[in-house]
file structure-v5.txt (compact mmCIF, C-alpha atoms and all ligand atoms)
# COMPACT_ATOMS: atom_id res chain seq x y z
CA MET A 8 0.00 0.00 0.00
CA GLY A 9 2.83 2.36 0.91
CA ALA A 10 4.53 1.75 -2.41
CA GLN A 11 1.60 2.89 -4.49
CA MET A 12 1.33 6.14 -2.57
CA THR A 13 4.93 7.06 -3.34
CA MET A 14 4.58 5.84 -6.94
CA GLN A 15 3.93 8.82 -9.20
CA THR A 16 0.34 8.45 -10.39
CA THR A 17 0.02 9.22 -14.07
CA PRO A 18 -3.28 10.13 -15.77
CA GLU A 19 -2.93 6.90 -17.79
CA HIS A 20 -2.63 4.82 -14.63
CA LEU A 21 -5.83 6.34 -13.25
CA GLU A 22 -7.61 5.94 -16.59
CA TYR A 23 -6.62 2.26 -16.77
CA VAL A 24 -7.93 1.51 -13.26
CA LEU A 25 -11.16 3.42 -14.04
CA ARG A 26 -11.69 1.23 -17.12
CA LEU A 27 -11.35 -1.88 -14.96
CA GLY A 28 -13.62 -0.51 -12.24
CA ASP A 29 -16.29 0.74 -14.64
CA ALA A 30 -16.25 -2.51 -16.64
CA ALA A 31 -16.94 -4.48 -13.43
CA LEU A 32 -19.58 -1.99 -12.25
CA ILE A 33 -21.58 -1.77 -15.48
CA HIS A 34 -21.38 -5.50 -16.27
CA GLY A 35 -22.43 -6.20 -12.67
CA GLN A 36 -25.33 -3.74 -12.92
CA ARG A 37 -26.63 -5.44 -16.09
CA LEU A 38 -26.38 -8.91 -14.51
CA SER A 39 -28.21 -7.69 -11.42
CA GLU A 40 -31.19 -6.75 -13.61
CA TRP A 41 -31.94 -10.49 -13.83
CA CYS A 42 -32.60 -10.73 -10.10
CA GLY A 43 -36.15 -12.07 -9.85
CA HIS A 44 -36.50 -12.44 -13.65
CA ALA A 45 -34.21 -15.31 -14.70
CA PRO A 46 -35.76 -18.27 -16.56
CA VAL A 47 -35.08 -20.68 -13.68
CA LEU A 48 -34.41 -20.15 -9.98
CA GLU A 49 -30.89 -21.61 -10.16
CA GLU A 50 -29.91 -19.08 -12.82
CA ASP A 51 -31.51 -16.26 -10.88
CA MET A 52 -29.12 -17.13 -8.05
CA ALA A 53 -26.17 -17.56 -10.40
CA MET A 54 -26.71 -14.15 -12.04
CA ALA A 55 -27.11 -12.44 -8.66
CA ASN A 56 -23.95 -14.10 -7.34
CA MET A 57 -21.89 -13.12 -10.39
CA ALA A 58 -23.28 -9.57 -10.17
CA LEU A 59 -22.30 -9.43 -6.50
CA ASP A 60 -18.74 -10.55 -7.27
CA LEU A 61 -18.45 -7.93 -10.01
CA ILE A 62 -19.86 -5.12 -7.90
CA GLY A 63 -17.51 -6.15 -5.08
CA GLN A 64 -14.60 -5.95 -7.53
CA ALA A 65 -15.88 -2.56 -8.73
CA ARG A 66 -15.93 -1.25 -5.15
CA LEU A 67 -12.29 -2.22 -4.63
CA LEU A 68 -11.22 -0.84 -8.01
CA LEU A 69 -13.10 2.45 -7.72
CA THR A 70 -11.85 2.97 -4.15
CA HIS A 71 -8.35 2.48 -5.52
CA ALA A 72 -9.05 4.86 -8.43
CA GLY A 73 -10.26 7.48 -5.97
CA LYS A 74 -6.98 7.21 -4.05
CA LEU A 75 -4.93 7.42 -7.24
CA GLU A 76 -6.89 10.50 -8.25
CA GLY A 77 -6.24 12.08 -4.84
CA GLN A 78 -9.24 14.42 -4.88
CA GLY A 79 -11.18 12.79 -2.09
CA ARG A 80 -13.69 10.90 -4.24
CA ASP A 81 -14.71 7.55 -2.77
CA GLU A 82 -16.25 4.49 -4.46
CA ASP A 83 -19.79 5.91 -4.21
CA ALA A 84 -18.85 9.29 -5.70
CA LEU A 85 -17.20 7.54 -8.63
CA ALA A 86 -19.93 4.93 -9.11
CA PHE A 87 -22.94 7.21 -8.83
CA LEU A 88 -21.99 10.83 -9.36
CA ARG A 89 -20.27 10.91 -12.72
CA HIS A 90 -21.80 11.78 -16.07
CA GLU A 91 -22.09 9.33 -18.93
CA GLY A 92 -19.00 10.60 -20.77
CA GLN A 93 -16.89 10.05 -17.66
CA TYR A 94 -17.47 6.29 -17.53
CA ARG A 95 -14.73 4.18 -19.08
CA ASN A 96 -16.32 0.73 -19.47
CA PRO A 97 -16.16 -1.02 -22.84
CA THR A 98 -19.48 -0.68 -24.68
CA LEU A 99 -20.01 -4.46 -24.55
CA CYS A 100 -20.63 -4.19 -20.77
CA GLU A 101 -23.60 -1.85 -21.19
CA MET A 102 -25.36 -3.82 -23.95
CA PRO A 103 -28.90 -4.69 -22.86
CA ASN A 104 -29.86 -8.16 -21.64
CA THR A 105 -32.46 -8.64 -24.42
CA ASP A 106 -32.89 -12.33 -23.57
CA PHE A 107 -31.06 -14.98 -21.51
CA ALA A 108 -28.87 -15.95 -24.49
CA HIS A 109 -27.62 -12.36 -24.92
CA THR A 110 -26.62 -12.17 -21.26
CA ILE A 111 -24.91 -15.56 -21.32
CA VAL A 112 -22.97 -14.89 -24.54
CA LYS A 113 -21.94 -11.45 -23.30
CA ALA A 114 -20.92 -12.73 -19.86
CA PHE A 115 -18.92 -15.50 -21.52
CA LEU A 116 -17.06 -13.15 -23.89
CA LEU A 117 -16.31 -10.71 -21.06
CA GLY A 118 -15.64 -13.41 -18.46
CA SER A 119 -13.04 -15.10 -20.67
CA PHE A 120 -11.37 -11.73 -21.19
CA ASN A 121 -11.42 -10.91 -17.46
CA LEU A 122 -9.82 -14.23 -16.62
CA LEU A 123 -6.79 -13.41 -18.81
CA LEU A 124 -6.65 -9.84 -17.58
CA TRP A 125 -6.71 -10.71 -13.87
CA GLU A 126 -4.10 -13.39 -14.38
CA ARG A 127 -1.73 -10.87 -15.96
CA LEU A 128 -2.58 -8.12 -13.46
CA GLY A 129 -1.60 -10.42 -10.59
CA GLY A 130 1.95 -9.36 -11.47
CA SER A 131 1.16 -5.63 -11.62
CA GLY A 132 3.74 -3.14 -10.33
CA ASP A 133 0.79 -1.45 -8.57
CA ALA A 134 0.60 -3.60 -5.41
CA GLU A 135 -3.03 -2.74 -4.64
CA LEU A 136 -4.11 -3.56 -8.19
CA ALA A 137 -2.18 -6.86 -8.01
CA ALA A 138 -4.02 -7.78 -4.79
CA ILE A 139 -7.43 -6.97 -6.32
CA ALA A 140 -6.50 -9.00 -9.41
CA ALA A 141 -5.45 -12.08 -7.43
CA LYS A 142 -8.78 -12.01 -5.59
CA SER A 143 -10.85 -11.35 -8.73
CA LEU A 144 -9.13 -14.12 -10.68
CA LYS A 145 -10.56 -16.75 -8.32
CA GLU A 146 -14.06 -15.41 -8.89
CA ALA A 147 -13.65 -14.90 -12.64
CA ARG A 148 -12.76 -18.56 -13.11
CA TYR A 149 -16.23 -19.63 -11.91
CA HIS A 150 -17.90 -16.98 -14.07
CA ALA A 151 -16.05 -18.18 -17.20
CA GLU A 152 -16.87 -21.80 -16.41
CA HIS A 153 -20.52 -21.24 -15.73
CA THR A 154 -21.23 -19.01 -18.70
CA GLY A 155 -19.11 -21.14 -21.08
CA ASP A 156 -21.06 -24.26 -20.10
CA TRP A 157 -24.27 -22.36 -20.83
CA VAL A 158 -23.03 -21.12 -24.21
CA ILE A 159 -22.54 -24.77 -25.20
CA ARG A 160 -25.90 -25.82 -23.76
CA LEU A 161 -27.75 -23.09 -25.61
CA GLY A 162 -25.84 -23.26 -28.89
CA ASP A 163 -25.88 -27.04 -29.06
CA GLY A 164 -29.33 -27.28 -27.51
CA THR A 165 -32.73 -26.93 -29.15
CA GLU A 166 -33.43 -25.18 -32.44
CA GLU A 167 -34.82 -22.22 -30.53
CA SER A 168 -31.93 -21.93 -28.06
CA HIS A 169 -29.44 -22.21 -30.94
CA ARG A 170 -31.23 -19.49 -32.88
CA ARG A 171 -31.17 -17.16 -29.89
CA ALA A 172 -27.51 -17.85 -29.01
CA GLN A 173 -26.49 -17.24 -32.63
CA ALA A 174 -28.49 -14.01 -32.76
CA ALA A 175 -26.78 -12.85 -29.55
CA LEU A 176 -23.32 -13.67 -30.89
CA ASP A 177 -24.07 -11.83 -34.16
CA VAL A 178 -25.04 -8.69 -32.26
CA LEU A 179 -22.31 -8.77 -29.62
CA TRP A 180 -19.26 -10.04 -31.50
CA PRO A 181 -18.45 -6.72 -33.25
CA TYR A 182 -18.24 -5.03 -29.83
CA THR A 183 -15.30 -7.26 -28.87
CA ASN A 184 -13.17 -5.25 -31.35
CA GLU A 185 -13.15 -2.45 -28.79
CA LEU A 186 -11.56 -4.63 -26.10
CA PHE A 187 -8.42 -5.01 -28.19
CA ALA A 188 -8.25 -1.54 -29.78
CA PRO A 189 -4.73 -0.12 -29.28
CA ASN A 190 -4.54 3.20 -27.44
CA ALA A 191 -2.02 5.50 -25.76
CA THR A 192 -3.32 4.75 -22.23
CA ASP A 193 -2.58 1.06 -22.62
CA ASP A 194 0.84 1.76 -24.12
CA ALA A 195 1.87 3.98 -21.20
CA VAL A 196 0.53 1.59 -18.56
CA SER A 197 2.19 -1.40 -20.19
CA ALA A 198 5.53 0.45 -20.41
CA ALA A 199 5.24 1.36 -16.71
CA GLY A 200 4.72 -2.29 -15.70
CA ILE A 201 1.25 -1.63 -14.29
CA GLY A 202 -0.69 -3.91 -16.61
CA PRO A 203 -0.89 -5.39 -20.08
CA ALA A 204 -2.10 -3.43 -23.07
CA TRP A 205 -5.44 -5.18 -23.70
CA ALA A 206 -4.47 -5.71 -27.34
CA GLU A 207 -1.77 -8.10 -26.11
CA LEU A 208 -4.49 -10.46 -24.90
CA ALA A 209 -6.31 -10.80 -28.24
CA ALA A 210 -4.71 -14.04 -29.44
CA GLU A 211 -5.03 -15.79 -26.08
CA TRP A 212 -8.63 -14.65 -25.77
CA GLU A 213 -9.55 -16.05 -29.17
CA ALA A 214 -7.79 -19.31 -28.27
CA ALA A 215 -10.00 -19.55 -25.18
CA VAL A 216 -13.27 -18.44 -26.77
CA LEU A 217 -13.32 -19.99 -30.25
CA PRO A 218 -13.25 -23.69 -29.19
CA VAL A 219 -16.25 -23.08 -26.90
CA LEU A 220 -18.21 -21.34 -29.66
CA LYS A 221 -17.33 -24.23 -31.98
CA ALA A 222 -18.49 -26.80 -29.41
CA ALA A 223 -21.68 -24.75 -29.20
CA THR A 224 -22.09 -25.16 -33.01
CA LEU A 225 -22.21 -21.37 -33.34
CA THR A 226 -20.88 -19.52 -36.38
CA VAL A 227 -18.37 -16.84 -35.47
CA PRO A 228 -19.14 -13.69 -37.47
CA ALA A 229 -16.40 -12.35 -39.76
CA ARG A 230 -14.37 -9.50 -38.26
CA THR A 231 -15.45 -6.09 -39.56
CA PRO A 232 -13.88 -2.63 -39.09
CA PHE A 233 -16.74 -1.72 -36.69
CA GLN A 234 -15.50 0.16 -33.64
CA SER A 235 -17.26 1.19 -30.45
CA TYR A 236 -15.70 3.66 -28.02
CA GLY A 237 -17.10 3.09 -24.50
CA LYS A 238 -13.71 2.84 -22.84
CA PHE A 239 -12.88 6.23 -24.34
CA GLY A 240 -16.06 7.72 -22.85
CA ARG A 241 -18.31 7.61 -25.94
CA HIS A 242 -21.13 5.24 -25.11
CA SER A 243 -24.07 3.59 -26.84
CA GLU A 244 -27.67 4.77 -26.58
CA TYR A 245 -28.19 2.18 -23.81
CA MET A 246 -25.81 3.75 -21.31
CA GLY A 247 -27.95 6.76 -20.38
CA HIS A 248 -30.90 4.57 -19.43
CA LEU A 249 -28.68 2.26 -17.41
CA LEU A 250 -27.20 5.20 -15.51
CA ALA A 251 -30.58 6.82 -14.90
CA HIS A 252 -31.68 3.61 -13.24
CA MET A 253 -28.45 3.02 -11.32
CA GLN A 254 -27.95 6.60 -10.16
CA HIS A 255 -31.55 7.48 -9.39
CA LEU A 256 -31.50 6.73 -5.67
CA PRO A 257 -28.15 8.28 -4.68
CA ARG A 258 -28.92 11.38 -6.76
CA SER A 259 -32.45 11.80 -5.42
CA PHE A 260 -31.47 11.18 -1.80
CA PRO A 261 -27.81 12.24 -1.44
CA GLY A 262 -26.06 10.44 1.41
CA ALA A 263 -28.99 8.07 2.01
CA THR A 264 -28.22 5.00 4.12
CA TRP A 265 -30.38 2.01 5.06
CA MET B 9 -7.83 -5.18 28.16
CA LEU B 10 -7.18 -8.47 26.38
CA THR B 11 -4.02 -10.32 25.43
CA GLU B 12 -3.70 -11.53 21.85
CA ALA B 13 -4.31 -15.12 23.01
CA GLN B 14 -7.49 -14.09 24.85
CA ALA B 15 -8.62 -12.18 21.78
CA TRP B 16 -8.18 -15.23 19.54
CA GLN B 17 -10.22 -17.24 22.04
CA ALA B 18 -13.02 -14.66 21.96
CA LEU B 19 -12.95 -14.69 18.14
CA ASP B 20 -13.38 -18.50 18.14
CA ALA B 21 -16.94 -17.81 19.27
CA VAL B 22 -17.78 -15.38 16.43
CA GLU B 23 -19.93 -17.27 13.94
CA ASP B 24 -20.00 -16.74 10.22
CA PRO B 25 -23.41 -15.08 9.71
CA GLU B 26 -24.26 -17.20 6.66
CA ILE B 27 -22.90 -20.53 7.92
CA PRO B 28 -23.43 -20.29 11.68
CA VAL B 29 -21.81 -23.67 12.46
CA VAL B 30 -18.30 -22.41 11.77
CA SER B 31 -16.42 -19.52 13.36
CA VAL B 32 -14.58 -16.73 11.59
CA THR B 33 -11.28 -18.17 12.86
CA GLU B 34 -12.11 -21.68 11.56
CA LEU B 35 -12.89 -20.18 8.14
CA GLY B 36 -9.44 -18.60 8.13
CA ILE B 37 -10.66 -15.05 7.53
CA VAL B 38 -9.00 -13.63 10.66
CA ARG B 39 -5.40 -13.19 9.54
CA GLU B 40 -3.80 -11.36 12.46
CA VAL B 41 -4.57 -10.05 15.92
CA VAL B 42 -2.17 -7.42 17.20
CA ALA B 43 -2.25 -5.86 20.67
CA GLU B 44 -1.05 -2.26 20.55
CA GLY B 45 -1.05 -1.01 24.13
CA ASP B 46 -4.66 -1.24 25.34
CA ALA B 47 -6.00 -1.39 21.80
CA LEU B 48 -6.46 -4.38 19.49
CA ARG B 49 -6.08 -4.42 15.74
CA VAL B 50 -7.70 -7.33 13.91
CA VAL B 51 -6.78 -8.02 10.30
CA VAL B 52 -9.46 -9.81 8.27
CA THR B 53 -9.67 -10.85 4.65
CA PRO B 54 -12.94 -11.12 2.71
CA THR B 55 -14.01 -14.51 1.31
CA TYR B 56 -15.44 -13.06 -1.93
CA SER B 57 -15.13 -9.45 -3.16
CA GLY B 58 -18.87 -8.90 -2.97
CA CYS B 59 -19.63 -11.00 0.10
CA PRO B 60 -22.42 -9.08 1.84
CA ALA B 61 -21.44 -10.62 5.19
CA THR B 62 -18.09 -8.81 5.31
CA GLU B 63 -19.38 -5.71 7.10
CA LEU B 64 -21.49 -7.71 9.52
CA ILE B 65 -18.48 -9.89 10.37
CA ALA B 66 -16.39 -6.81 11.18
CA GLU B 67 -19.14 -5.56 13.54
CA SER B 68 -19.45 -8.97 15.22
CA ILE B 69 -15.70 -9.07 15.79
CA VAL B 70 -15.72 -5.67 17.49
CA ASP B 71 -18.76 -6.62 19.62
CA ALA B 72 -17.25 -9.96 20.71
CA LEU B 73 -13.91 -8.44 21.67
CA LYS B 74 -15.53 -5.58 23.59
CA ALA B 75 -17.78 -8.03 25.40
CA ALA B 76 -14.67 -10.00 26.38
CA GLY B 77 -13.15 -6.85 27.87
CA ALA B 78 -11.12 -5.30 25.06
CA GLY B 79 -10.43 -1.56 24.88
CA ALA B 80 -10.40 0.08 21.48
CA VAL B 81 -10.75 -2.37 18.58
CA THR B 82 -10.05 -1.64 14.94
CA VAL B 83 -10.74 -4.04 12.09
CA GLU B 84 -8.50 -3.74 9.06
CA THR B 85 -9.25 -5.43 5.72
CA ARG B 86 -6.35 -6.97 3.86
CA LEU B 87 -6.78 -8.40 0.36
CA SER B 88 -3.43 -10.06 -0.17
CA PRO B 89 -2.91 -12.97 -0.08
CA ALA B 90 -6.42 -13.66 -1.34
CA TRP B 91 -8.54 -15.90 0.88
CA SER B 92 -8.51 -19.57 -0.04
CA THR B 93 -10.72 -22.48 1.04
CA ASP B 94 -7.40 -24.23 1.76
CA TRP B 95 -7.37 -22.16 4.97
CA ILE B 96 -10.55 -23.74 6.37
CA ALA B 97 -9.66 -25.72 9.51
CA ASP B 98 -10.08 -29.50 9.52
CA ASP B 99 -12.65 -29.52 12.36
CA ALA B 100 -14.67 -26.96 10.44
CA ARG B 101 -14.87 -29.30 7.43
CA ALA B 102 -16.56 -31.94 9.59
CA LYS B 103 -18.94 -29.29 10.98
CA LEU B 104 -19.86 -28.14 7.48
CA ARG B 105 -20.65 -31.71 6.43
CA ALA B 106 -22.83 -32.27 9.50
CA TYR B 107 -24.66 -29.03 8.63
CA GLY B 108 -25.42 -30.35 5.12
CA ILE B 109 -22.70 -28.52 3.16
CA VAL B 110 -20.06 -30.66 1.46
CA PRO B 111 -16.64 -29.10 2.23
CA PRO B 112 -14.16 -28.36 -0.61
CA GLN B 113 -12.95 -31.65 -2.09
CA SER B 114 -9.73 -30.34 -3.58
CA ALA B 115 -7.11 -27.66 -3.14
CA ALA B 116 -7.82 -24.27 -4.67
CA PRO B 117 -7.11 -24.29 -8.42
CA GLY B 118 -4.42 -21.87 -9.56
CA GLY B 119 -4.12 -19.62 -12.60
CA GLY B 120 -6.79 -19.10 -15.19
CA GLN B 121 -7.55 -22.64 -16.35
CA VAL B 122 -11.21 -23.34 -16.94
CA VAL B 123 -12.84 -26.75 -16.68
CA ARG B 124 -15.93 -27.37 -18.80
CA PHE B 125 -18.90 -29.31 -17.41
CA MET B 126 -16.89 -30.25 -14.36
CA SER B 127 -18.17 -33.49 -12.91
CA ARG B 128 -17.22 -34.10 -9.34
CA THR B 129 -18.24 -37.21 -7.45
CA LEU B 130 -19.63 -35.60 -4.35
CA PRO B 131 -21.11 -37.76 -1.62
CA CYS B 132 -24.59 -36.66 -0.51
CA PRO B 133 -24.23 -35.25 3.04
CA ARG B 134 -27.56 -36.88 4.00
CA CYS B 135 -27.47 -40.43 2.63
CA GLY B 136 -23.88 -40.78 1.41
CA SER B 137 -24.90 -41.70 -2.15
CA THR B 138 -22.45 -40.61 -4.83
CA ARG B 139 -25.21 -40.46 -7.46
CA THR B 140 -25.34 -36.67 -7.31
CA THR B 141 -25.78 -33.99 -9.98
CA ARG B 142 -24.69 -30.38 -10.10
CA LEU B 143 -27.64 -28.04 -10.61
CA SER B 144 -25.68 -24.80 -10.64
CA GLU B 145 -22.18 -23.48 -10.10
CA PHE B 146 -23.75 -20.92 -7.75
CA GLY B 147 -25.83 -21.62 -4.66
CA SER B 148 -27.54 -19.45 -2.05
CA THR B 149 -24.22 -17.63 -1.58
CA ALA B 150 -21.26 -16.99 -3.90
CA CYS B 151 -19.08 -19.51 -2.03
CA LYS B 152 -21.31 -22.51 -2.73
CA ALA B 153 -22.55 -24.58 -5.69
CA LEU B 154 -25.91 -26.31 -5.75
CA TYR B 155 -26.23 -30.10 -6.12
CA ARG B 156 -28.99 -32.70 -5.94
CA CYS B 157 -28.82 -36.28 -4.69
CA GLU B 158 -30.41 -38.69 -7.19
CA ASP B 159 -31.14 -41.26 -4.47
CA CYS B 160 -32.69 -39.33 -1.60
CA ARG B 161 -33.69 -36.52 -4.03
CA GLU B 162 -32.63 -33.81 -1.59
CA PRO B 163 -30.71 -30.75 -2.76
CA PHE B 164 -27.45 -29.89 -1.00
CA GLU B 165 -24.70 -27.33 -1.26
CA TYR B 166 -21.00 -27.64 -2.01
CA PHE B 167 -18.39 -25.24 -0.68
CA LYS B 168 -16.39 -24.51 -3.86
CA PRO B 169 -12.60 -24.51 -3.68
CA ILE B 170 -11.17 -21.07 -4.42
ZN ZN C 1 -28.83 -38.38 -0.66

call {"tool": "encode", "arguments": {"input": "structure-v5.txt", "output": "structure tokens"}}
result
Amino acid sequence: MGAQMTMQTTPEHLEYVLRLGDAALIHGQRLSEWCGHAPVLEEDMAMANMALDLIGQARLLLTHAGKLEGQGRDEDALAFLRHEGQYRNPTLCEMPNTDFAHTIVKAFLLGSFNLLLWERLGGSGDAELAAIAAKSLKEARYHAEHTGDWVIRLGDGTEESHRRAQAALDVLWPYTNELFAPNATDDAVSAAGIGPAWAELAAEWEAAVLPVLKAATLTVPARTPFQSYGKFGRHSEYMGHLLAHMQHLPRSFPGATW
Amino acid sequence: MLTEAQAWQALDAVEDPEIPVVSVTELGIVREVVAEGDALRVVVTPTYSGCPATELIAESIVDALKAAGAGAVTVETRLSPAWSTDWIADDARAKLRAYGIVPPQSAAPGGGQVVRFMSRTLPCPRCGSTRTTRLSEFGSTACKALYRCEDCREPFEYFKPI
């Protein structure tokens, strides 16, 4: 902990940690929307548990970001009191649930990515980030397992479940381009030994994801030049609605506790 | 005021709020107790990042130590090294089983390897049958998976290794 305080915090370092924190927060918020609505009780519990892990990770990451920023903002101020353009989550995280297949495919694509990211961040030169990563890795493994099993069940299941899983993959796949888009923040953070440039994880991620999609008998869409820009602060039309819902209570009743 | 040994003894009586048959010390979440003059500092580590019991556990620790005669008590959270089910005490494993929760059957997996459709042969904690099926990787709390016994038809939970 002492080390990170004496380490010179760069804007890129803060930006990188915000991306991680916001990705966990917004993905967790979307998963939590299933609470009470999942197709079966077991999945209701699974979604809620994964959401809880992600929001727990977001709390740790945003608390850390607040300290790096050094302006007295805590996890709540960062989670609830920023404007849309200040969130740094990849667009994929904010995509709507649509149906169970969309959520499962999305959580699998993101979960497989998180697994690789946390594994690499376990060796971060930022000691606090390394500790959060080592903890999150244990949780991410169960998320990737659970959602990957479901991708195969749905894709290689009934005609209807296959149709829905394929439709979800067709919609969501182009948004994975953003995860691996090179950028100056990643370059600086990678050079400083804080974490990998996400683009470095592309080949390993495909090696983890493609065999599962194949086992699920799903057709992987061809790569297109499509780019989304959520991690740069330019979000989809879905983000405003998500934030209105998520921020409503803390903005209407500042400082409320229960 | 309390000595460190007395403090550990008092903490042995603090139950996990979600699994009240095991104590916070048996679960291995109390990492250190340090006496600093009249004050005590207790270092705890969370089981899961989002475990909603974490704050309640910290309160229970303070209450138990004060009731045992401690002066000022602070609870500090430490993330590293990350909590592992490998730290659960042997007696606690037997208590979990008697309570209907199968304790972790293997050491915590390392790294980022993923196992697909993991099939574990878990003995039913009620009838001992090994004809059991996993219903979900997630149970009533993040730390457990949900299983069903095909012989006695009762559901049961499994404490997942992490
Ligand atoms: Zn049985």

call {"tool": "closest_atom_pairs", "arguments": {"input": "structure-v5.txt", "of": "segment 36-135 of chain B", "to": "segment 198-221 of chain A", "cutoff": "10 Å", "atoms": "all atoms listed in the file", "output": "JSON lines"}}
result
{"residue": "B:Gln121", "atom": "CA", "partner": "A:Ala215", "partner_atom": "CA", "distance": 9.7}
{"residue": "B:Val122", "atom": "CA", "partner": "A:Ala215", "partner_atom": "CA", "distance": 9.2}
{"residue": "B:Arg124", "atom": "CA", "partner": "A:Val219", "partner_atom": "CA", "distance": 9.2}

call {"tool": "closest_atom_pairs", "arguments": {"input": "structure-v5.txt", "of": "chain B", "to": "ligand ZN 1 (chain C)", "cutoff": "8 Å", "atoms": "all atoms listed in the file", "output": "CSV"}}
result
residue,atom,partner,partner_atom,distance
B:Pro131,CA,C:ZN1,ZN,7.8
B:Cys132,CA,C:ZN1,ZN,4.6
B:Pro133,CA,C:ZN1,ZN,6.7
B:Arg134,CA,C:ZN1,ZN,5.1
B:Cys135,CA,C:ZN1,ZN,4.1
B:Gly136,CA,C:ZN1,ZN,5.9
B:Ser137,CA,C:ZN1,ZN,5.4
B:Thr138,CA,C:ZN1,ZN,7.9
B:Arg139,CA,C:ZN1,ZN,8.0
B:Thr140,CA,C:ZN1,ZN,7.7
B:Arg156,CA,C:ZN1,ZN,7.8
B:Cys157,CA,C:ZN1,ZN,4.5
B:Glu158,CA,C:ZN1,ZN,6.7
B:Asp159,CA,C:ZN1,ZN,5.3
B:Cys160,CA,C:ZN1,ZN,4.1
B:Arg161,CA,C:ZN1,ZN,6.2
B:Glu162,CA,C:ZN1,ZN,6.0

call {"tool": "write_last_selection", "arguments": {"input": "structure-v5.txt", "atoms": "C-alpha atoms", "output": "PDB file, in the frame of the given file"}}
result
ATOM      1  CA  PRO B 131     -21.110 -37.760  -1.620  1.00  0.00           C
ATOM      2  CA  CYS B 132     -24.590 -36.660  -0.510  1.00  0.00           C
ATOM      3  CA  PRO B 133     -24.230 -35.250   3.040  1.00  0.00           C
ATOM      4  CA  ARG B 134     -27.560 -36.880   4.000  1.00  0.00           C
ATOM      5  CA  CYS B 135     -27.470 -40.430   2.630  1.00  0.00           C
ATOM      6  CA  GLY B 136     -23.880 -40.780   1.410  1.00  0.00           C
ATOM      7  CA  SER B 137     -24.900 -41.700  -2.150  1.00  0.00           C
ATOM      8  CA  THR B 138     -22.450 -40.610  -4.830  1.00  0.00           C
ATOM      9  CA  ARG B 139     -25.210 -40.460  -7.460  1.00  0.00           C
ATOM     10  CA  THR B 140     -25.340 -36.670  -7.310  1.00  0.00           C
ATOM     11  CA  ARG B 156     -28.990 -32.700  -5.940  1.00  0.00           C
ATOM     12  CA  CYS B 157     -28.820 -36.280  -4.690  1.00  0.00           C
ATOM     13  CA  GLU B 158     -30.410 -38.690  -7.190  1.00  0.00           C
ATOM     14  CA  ASP B 159     -31.140 -41.260  -4.470  1.00  0.00           C
ATOM     15  CA  CYS B 160     -32.690 -39.330  -1.600  1.00  0.00           C
ATOM     16  CA  ARG B 161     -33.690 -36.520  -4.030  1.00  0.00           C
ATOM     17  CA  GLU B 162     -32.630 -33.810  -1.590  1.00  0.00           C
TER      18      GLU B 162
END

call {"tool": "interface_residues", "arguments": {"input": "structure-v5.txt", "of": "chain A", "to": "chain B", "cutoff": "6 Å", "atoms": "only C-alpha atoms", "output": "MDAnalysis selection string"}}
result
chainID A and resid 53 56 59:60 63:64 122 138 142 145 152

call {"tool": "atom_distance", "arguments": {"input": "structure-v5.txt", "atom1": "atom CA of Ala175 of chain A", "atom2": "atom CA of Lys113 of chain A"}}
result
8.0 Å

call {"tool": "residues_around", "arguments": {"input": "structure-v5.txt", "residues": "Glu244 of chain A", "least_positions_apart": "5", "cutoff": "12 Å", "atoms": "all atoms listed in the file", "output": "VMD selection string"}}
result
chain A and resid 91 to 92 98 101 to 103 235 237 249 to 250

call {"tool": "axis_aligned_box", "arguments": {"input": "structure-v5.txt", "around": "segment 110-116 of chain A", "padding_each_side": "3 Å", "output": "lines of an AutoDock Vina configuration file"}}
result
center_x = -21.8
center_y = -13.5
center_z = -22.2
size_x = 15.6
size_y = 10.1
size_z = 10.7

call {"tool": "residues_around", "arguments": {"input": "structure-v5.txt", "residues": "Trp95 of chain B", "least_positions_apart": "3", "cutoff": "10 Å", "atoms": "all atoms listed in the file", "output": "list in words"}}
result
Thr33, Glu34, Leu35, Gly36, Ile37, Trp91, Ser92, Asp98, Ala115 and Ala116 of chain B

call {"tool": "write_last_selection", "arguments": {"input": "structure-v5.txt", "atoms": "C-alpha atoms", "output": "PDB file, in the coordinates of the input"}}
result
ATOM      1  CA  THR B  33     -11.280 -18.170  12.860  1.00  0.00           C
ATOM      2  CA  GLU B  34     -12.110 -21.680  11.560  1.00  0.00           C
ATOM      3  CA  LEU B  35     -12.890 -20.180   8.140  1.00  0.00           C
ATOM      4  CA  GLY B  36      -9.440 -18.600   8.130  1.00  0.00           C
ATOM      5  CA  ILE B  37     -10.660 -15.050   7.530  1.00  0.00           C
ATOM      6  CA  TRP B  91      -8.540 -15.900   0.880  1.00  0.00           C
ATOM      7  CA  SER B  92      -8.510 -19.570  -0.040  1.00  0.00           C
ATOM      8  CA  ASP B  98     -10.080 -29.500   9.520  1.00  0.00           C
ATOM      9  CA  ALA B 115      -7.110 -27.660  -3.140  1.00  0.00           C
ATOM     10  CA  ALA B 116      -7.820 -24.270  -4.670  1.00  0.00           C
TER      11      ALA B 116
END

call {"tool": "residues_near_point", "arguments": {"input": "structure-v5.txt", "point": "(-27.1, -6.8, -34.6)", "cutoff": "12 Å", "atoms": "all atoms listed in the file", "output": "number ranges by chain"}}
result
A: 102, 105, 109, 173-182, 228, 233

call {"tool": "atom_distance", "arguments": {"input": "structure-v5.txt", "atom1": "atom CA of Ala106 of chain B", "atom2": "atom CA of Glu165 of chain B"}}
result
12.0 Å

call {"tool": "residues_around", "arguments": {"input": "structure-v5.txt", "residues": "Ala114 of chain A", "least_positions_apart": "3", "cutoff": "8 Å", "atoms": "all atoms listed in the file", "output": "JSON, numbers by chain"}}
result
{"A": [110, 111, 117, 118, 150, 151, 154]}
